[in-house]
Each structure stands twice: as C-alpha cells, then as structure tokens.
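Let me begin by presenting the structure, written as structure tokens, before commenting on it.
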Amino acid sequence: MLAGTEWLEAIDQSNNLGTEAIVDKIIAFIKQSRNRKISVQDIAEQYHISHSSLCTIFKRYTNMTPSEYIIYEKMSYAQKLLSSGREMNIGEISASVGYEDPFYFSRLFKMHTGMTPSAYRKKNKNEVK
C-alpha cells in the first residue's frame with residue numbers, strides 16, 4: 001500500500017486519472033453499497049489505498065470524512081424509503097440500508113434528521129396530502 005502523496009502521484013501517473021476522479025469513483029461505490037454494511041477499510045481495500053490516505057483525499061474533496069459520507073448516503077436513502085409510501089417497517093428499512101440493529105439505525109436517523117424514522121414517515125405523509 002502506498003501512503004499520502006506517493007499514492008496520489010501513482011494514480012496520476014499510472015491511470016491518468018486525477019484525484020477528483022478517484023473520489024468520484026469512491027462516491028459512486030458508496031452509493032452502490034448503501035444497502036449493505038460497509039466500512040472505510042472496505043473502501044480502502046477496494047481501491048488499494050491506505051485508510052489514512054483515503055480519509056485525507058476524501059475530506060479534501062468533499063468536506064466530509066468517508067464515514068460521515070457513508071452515513072449521509074444511508075440516511076438519505078432511508079428518507080426516500082420512508083417517504084416512498086411503501087409499507088416497510090423500520091426493521092426492513094434498517095436492513096435495506098445495511099444496519100442489522102433497527103434501534104441503532106433509529107438512533108442514527110434521529111441524530112441526522114432530528115426525528116425518529118416513524119415521526120419522519122408520519123410528517124412526510126401529512127405533507128403529501
């Protein structure tokens with residue numbers, strides 16, 4: 001594994017892709033993986049870079065850490081599921097965004113949206129009418 005600037009130089013030289021293009025690929029990978037459990041280490045291994053290099057370049061281009069972005073994507077997808085009108089219970093939605101524990105998912109959801117998944121669904125239903 002390469003570290004820091006060595007990795008960035010290797011990308012530019014071997015792939016003719018800039019760092020921004022790699023970050024775009026990582027973002028696409030996270031979006032495609034939002035329905036399963038994924039870690040920063042999984043992403044680093046997928047792209048053959050060190051954990052710290054991944055965090056550094058990702059934050060530089062997105063102003064978020066990879067972990068923050070993973071949660072952001074999962075919570076955004078959960079919001080779509082909750083407002084879609086589909087009859088999924090919170091456990092099913094939790095599983096659909098890669099969290100086995102619906103109580104943990106609910107805590108994360110509330111932390112990121114300011115309301116529980118059930119309250120979000122109810123509010124969204126009332127706004128649609």
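Naming scheme: A, B, ... for chains in displayed order of the structure tokens; residues 1 onward per chain; ligands 1 onward as shown.
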Name the residues of region 24-85 of chain A that come out as helix (DSSP H, G or I) in a backbone DSSP run; write them as a PyMOL selection string. chain A and resi 24-32+40-46+51-62+66-83
Correct to one decimal, the distance CA of Gln32 (chain A)-CA of Thr116 (chain A) is 24.8 Å
Which of A:Cys55, A:Ile30, A:Met75, A:Ile49 sits closest to Lys110 (chain A) [using only C-alpha atoms]: A:Met75
Compare A:Ile70, A:Ala44, A:Ala78, A:Ile57 by their minimum atom-to-atom distance to Ala95 (chain A), counting only C-alpha atoms, and give me the closest one.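 Among A:Ile70, A:Ala44, A:Ala78, A:Ile57, it is A:Ala78 that comes nearest to Ala95 (chain A).
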Of the candidates A:Glu20, A:Phe109, A:Tyr104, A:Gly114, which shows the shortest atom-to-atom distance to Arg60 (chain A), using only C-alpha atoms? A:Glu20
Within 12 Å of His112 (chain A), counting only C-alpha atoms, which residues show up once you throw out same-chain ones fewer than 2 positions away? Write them as JSON, numbers by chain, please. {"A": [68, 69, 71, 72, 73, 74, 75, 76, 78, 79, 105, 106, 107, 108, 109, 110, 114, 115, 116, 117, 120]}
